[in-house]
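Asks: Below you'll find my_file_23.pdb; it's PDB, C-alpha atoms.
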ATOM      1  CA  MET P   1      68.243  32.000  24.481  1.00  0.00           C
ATOM      2  CA  PRO P   2      65.587  34.726  25.043  1.00  0.00           C
ATOM      3  CA  ASP P   3      62.200  33.753  26.466  1.00  0.00           C
ATOM      4  CA  ASP P   4      59.536  34.646  23.908  1.00  0.00           C
ATOM      5  CA  SER P   5      56.634  32.980  25.761  1.00  0.00           C
ATOM      6  CA  GLY P   6      55.117  36.427  26.380  1.00  0.00           C
ATOM      7  CA  ASN P   7      54.990  37.084  22.630  1.00  0.00           C
ATOM      8  CA  LYS P   8      53.437  33.680  21.963  1.00  0.00           C
ATOM      9  CA  LYS P   9      50.801  34.331  24.627  1.00  0.00           C
ATOM     10  CA  ALA P  10      50.018  37.778  23.184  1.00  0.00           C
ATOM     11  CA  ASP P  11      49.738  36.284  19.680  1.00  0.00           C
ATOM     12  CA  ALA P  12      47.388  33.562  20.933  1.00  0.00           C
ATOM     13  CA  ILE P  13      45.187  36.095  22.717  1.00  0.00           C
ATOM     14  CA  GLN P  14      45.118  38.356  19.656  1.00  0.00           C
ATOM     15  CA  SER P  15      44.062  35.461  17.444  1.00  0.00           C
ATOM     16  CA  TRP P  16      40.908  34.727  19.441  1.00  0.00           C
ATOM     17  CA  THR P  17      40.035  38.325  20.324  1.00  0.00           C
ATOM     18  CA  ASP P  18      39.771  39.135  16.614  1.00  0.00           C
ATOM     19  CA  ASP P  19      36.828  36.727  16.440  1.00  0.00           C
ATOM     20  CA  LEU P  20      34.877  38.204  19.371  1.00  0.00           C
ATOM     21  CA  VAL P  21      32.036  40.676  18.828  1.00  0.00           C
ATOM     22  CA  CYS P  22      29.718  42.638  21.096  1.00  0.00           C
ATOM     23  CA  PRO P  23      26.973  40.341  22.436  1.00  0.00           C
ATOM     24  CA  VAL P  24      24.426  43.168  22.076  1.00  0.00           C
ATOM     25  CA  CYS P  25      25.040  44.725  18.636  1.00  0.00           C
ATOM     26  CA  PHE P  26      27.649  42.331  17.129  1.00  0.00           C
ATOM     27  CA  ALA P  27      30.129  45.130  16.368  1.00  0.00           C
ATOM     28  CA  ARG P  28      33.920  44.913  16.709  1.00  0.00           C
ATOM     29  CA  LEU P  29      35.431  45.045  20.215  1.00  0.00           C
ATOM     30  CA  LEU P  30      38.357  47.239  21.259  1.00  0.00           C
ATOM     31  CA  PHE P  31      40.547  45.804  24.007  1.00  0.00           C
ATOM     32  CA  SER P  32      42.495  47.720  26.639  1.00  0.00           C
ATOM     33  CA  GLU P  33      44.260  46.311  29.675  1.00  0.00           C
ATOM     34  CA  THR P  34      41.202  46.493  31.966  1.00  0.00           C
ATOM     35  CA  THR P  35      38.159  46.882  29.715  1.00  0.00           C
ATOM     36  CA  VAL P  36      36.605  45.885  26.421  1.00  0.00           C
ATOM     37  CA  THR P  37      34.704  48.597  24.542  1.00  0.00           C
ATOM     38  CA  CYS P  38      32.259  48.016  21.712  1.00  0.00           C
ATOM     39  CA  ALA P  39      33.036  50.044  18.598  1.00  0.00           C
ATOM     40  CA  GLY P  40      29.344  50.062  17.680  1.00  0.00           C
ATOM     41  CA  CYS P  41      27.256  50.776  20.782  1.00  0.00           C
ATOM     42  CA  ALA P  42      30.082  51.998  23.088  1.00  0.00           C
ATOM     43  CA  ARG P  43      29.250  49.520  25.857  1.00  0.00           C
ATOM     44  CA  ASN P  44      32.139  48.771  28.187  1.00  0.00           C
ATOM     45  CA  TYR P  45      32.799  45.328  29.620  1.00  0.00           C
ATOM     46  CA  PRO P  46      35.295  44.504  32.377  1.00  0.00           C
ATOM     47  CA  ILE P  47      38.282  42.218  32.075  1.00  0.00           C
ATOM     48  CA  VAL P  48      38.471  40.141  35.260  1.00  0.00           C
ATOM     49  CA  ASP P  49      41.626  38.144  35.951  1.00  0.00           C
ATOM     50  CA  GLY P  50      42.545  38.450  32.272  1.00  0.00           C
ATOM     51  CA  ILE P  51      39.146  37.213  31.037  1.00  0.00           C
ATOM     52  CA  PRO P  52      36.730  39.518  29.189  1.00  0.00           C
ATOM     53  CA  VAL P  53      33.278  39.353  30.819  1.00  0.00           C
ATOM     54  CA  LEU P  54      31.016  39.910  27.809  1.00  0.00           C
ATOM     55  CA  ILE P  55      27.723  39.531  29.654  1.00  0.00           C
ATOM     56  CA  PRO P  56      25.439  42.536  29.068  1.00  0.00           C
ATOM     57  CA  GLU P  57      24.169  42.699  32.659  1.00  0.00           C
ATOM     58  CA  HIS P  58      27.796  42.814  33.883  1.00  0.00           C
ATOM     59  CA  ARG P  59      28.766  45.683  31.653  1.00  0.00           C
ATOM     60  CA  LEU P  60      30.288  48.881  32.950  1.00  0.00           C
ATOM     61  CA  PRO P  61      28.308  52.130  32.612  1.00  0.00           C
ATOM     62  CA  ARG P  62      28.231  53.690  29.130  1.00  0.00           C
ATOM     63  CA  PRO P  63      30.449  56.740  28.760  1.00  0.00           C
ATOM     64  CA  GLU P  64      28.614  60.057  28.887  1.00  0.00           C
TER
END
If you took the structure in this file and wrote it as structure tokens, what would it be?
Replies:
Amino acid sequence: MPDDSGNKKADAIQSWTDDLVCPVCFARLLFSETTVTCAGCARNYPIVDGIPVLIPEHRLPRPE
């Protein structure tokens, strides 16, 4: 029997990430493997040990 625990984990993560918004402008967030980018204000937030750190003072520099 194949192990589908990875799919269940990905589905669970997707379900709660859909509800998260940027803490600064409340726009939708775009997730990559290492960062979270705001679709509205383009702020970048790190993902540390699999956890998005959505604290404005911990954000990564804005792209130029």
Asks: Quick check on the file I pasted: which residues fall under the PyMOL selection byres ((chain P and resi 25) around 9)? Write them as a list in words.
Replies: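 Those residues are Val21, Cys22, Pro23, Val24, Phe26, Ala27, Cys38, Gly40 and Cys41 of chain P.
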Asks: At what distance in Å, to one decimal, does atom CA of Asp19 of chain P lie from atom CA of Val48 of chain P?
Replies: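 Atom CA of Asp19 of chain P lies 19.2 Å from atom CA of Val48 of chain P.
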Asks: Residues near Glu33 of chain P, anyone? I mean within 8 Å using all atoms listed in the file, not counting same-chain ones fewer than 2 positions away, as a PyMOL selection string.
Replies: chain P and resi 31+35+47
Asks: Can those selected residues be exported to a file as a tab-separated table (two decimals), keeping the file's coordinate frame so that it contains C-alpha atoms?
Replies:
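Heads up, here's the output in out-v1.tsv:
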chain	number	residue	atom	x	y	z
P	31	PHE	CA	40.55	45.80	24.01
P	35	THR	CA	38.16	46.88	29.72
P	47	ILE	CA	38.28	42.22	32.08
Asks: Return the single residue from P:Asp49, P:Ser15, P:Leu54, P:Pro61 that is closest to Val36 of chain P, with distances computed using all atoms listed in the file.
Replies: P:Leu54
Asks: Using all atoms of segment 48-53 of chain P listed in the file and a margin of 4 Å per side, can you give the axis-aligned box centre and edge lengths in Å to one decimal, as AutoDock Vina command-line options?
Replies:
--center_x 37.9 --center_y 38.7 --center_z 32.6 --size_x 17.3 --size_y 10.9 --size_z 14.8
Asks: For the atom pair atom CA of Pro46 of chain P and atom CA of Leu29 of chain P, what is the interatomic distance in Å to one decimal place?
Replies: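 We find that atom CA of Pro46 of chain P and atom CA of Leu29 of chain P lie 12.2 Å from each other.
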Asks: What separation in Å, quoted to one decimal, exists between atom CA of Asp18 of chain P and atom CA of Leu30 of chain P?
Replies: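 For atom CA of Asp18 of chain P relative to atom CA of Leu30 of chain P, the distance reads 9.4 Å.
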